[in-house]
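Asks: One structure coming up, written as structure tokens, with questions to follow.
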Amino acid sequence: FGFKSRGLGDVYKRQEQGLHAVGMEQLGDDMKQWEQELKLHQKHSFGWKKYLAVAAVMTLLIVPAVYLFTKKPTSEELFLSYYEPYEEMLTSRGDSADSLAILLADGLEAYNQGAYQQCSELLQSYLDQRPEAHRVALYLGIAQLEMNQMELAESNFQKAQQDPNFQQQAQWYQALSYLKFHEGDKARNMLNVIATTEEHYRNSQAKSLLDQLE
């Protein structure tokens with residue numbers, strides 16, 4: 001019968017006991033019981049192997065899924081999630097004949113149209129003549145950020161922070177620029193400043209970003 005759940009000595013002992021103690025009829029009953037036990041053992045053995053196979057497949061599926069859904073986004077992915085150019089609110093062209101006013105209006109118009117190279121040239125020319133116009137540096141910094149000019153953008157965001165009315169905006173875009181250019185420590189430092197300033201207009205976003213940073 002190929003018994004696996006009992007030793008041969010045990011089988012023979014039971015056979016002898018069946019023959020001499022209870023007779024052939026009892027032996028037949030014992031043999032049926034052994035056959036049932038053997039089938040039950042084989043069934044459980046197969047079920048265990050099947051369970052192991054299913055578990056192995058589930059592991060192959062679950063482990064990558066857990067990694068996928070728990071993997072933190074990169075700093076550049078976070079930048080793309082939170083970034084949008086700041087809305088231009090400084091001035092309109094009007095009918096001014098002032099050359100500097102026209103220069104500023106042309107630069108901001110280029111900004112609104114997404115012509116960042118032209119915007120950068122015009123606003124830089126304006127700031128060369130009006131260096132105290134710190135708020136204009138915010139738009140120039142964003143244009144430079146769009147063109148991946150990290151050092152220039154950072155410099156202008158720092159200048160823009162000297163204007164109390166544009167300080168918070170400049171801090172936010174400076175933090176985002178650090179994310180874009182993989183300056184994680186600098187990004188955390190600036191985001192901490194924003195997150196600990198309760199009245200900051202980007203307070204909640206800064207806290208969320210800090211939670212997501214690697």
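Residue numbers start at 1 in each chain; chains themselves are named A, B, ... in the order of the structure tokens; ligands are numbered from 1 in the order shown.
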Need to verify the contact set: Gln167 in chain A, 12 Å, only C-alpha atoms, exclusion of same-chain residues closer than 2 positions in sequence. Can you return it as a count of residues only?

Replies: 26

Asks: Once you count only C-alpha atoms, what closest atom pair and distance in Å to one decimal does each residue of range 140-164 of chain A within 12 Å of range 99-121 of chain A have, with rows by chain and rising residue number, as a Markdown table?

Replies:
```
| residue | atom | partner | partner_atom | distance |
| --- | --- | --- | --- | --- |
| A:Leu140 | CA | A:Ser120 | CA | 5.7 |
| A:Gly141 | CA | A:Ser120 | CA | 8.4 |
| A:Ile142 | CA | A:Tyr116 | CA | 8.6 |
| A:Ala143 | CA | A:Tyr116 | CA | 5.0 |
| A:Gln144 | CA | A:Ser120 | CA | 6.8 |
| A:Leu145 | CA | A:Tyr116 | CA | 9.3 |
| A:Glu146 | CA | A:Tyr116 | CA | 7.1 |
| A:Met147 | CA | A:Tyr116 | CA | 7.3 |
| A:Asn148 | CA | A:Tyr116 | CA | 10.9 |
| A:Gln149 | CA | A:Ser120 | CA | 10.7 |
| A:Leu152 | CA | A:Ser120 | CA | 10.4 |
| A:Ala153 | CA | A:Ser120 | CA | 10.4 |
| A:Asn156 | CA | A:Ser120 | CA | 11.3 |
```

Asks: Select, from A:Phe181, A:Glu151, A:Leu213, A:Tyr139, the residue with the minimum atom-to-atom distance to Glu87 in chain A, counting only C-alpha atoms.

Replies: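 Checking each of A:Phe181, A:Glu151, A:Leu213, A:Tyr139 against Glu87 in chain A, counting only C-alpha atoms, the winner is A:Tyr139.
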
Asks: Restricting the calculation to only C-alpha atoms: of A:Leu123, A:Gln205, A:Thr197, A:Leu176, which residue gets closest to Glu77 in chain A?

Replies: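 Answer, going by the shortest atom-to-atom distance: A:Leu176.
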
Asks: Would you work out the distance separating CA of Ala133 in chain A from CA of Pro85 in chain A, expressed in Å to one decimal?

Replies: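 Answer for the CA of Ala133 in chain A to CA of Pro85 in chain A separation: 19.5 Å.
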
Asks: Have a look at A:Leu210, A:Ser204, A:Glu88, A:Gln129 and name the one nearest to Met190 in chain A; count only C-alpha atoms.

Replies: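 Using only C-alpha atoms, the shortest distance to Met190 in chain A belongs to A:Leu210.
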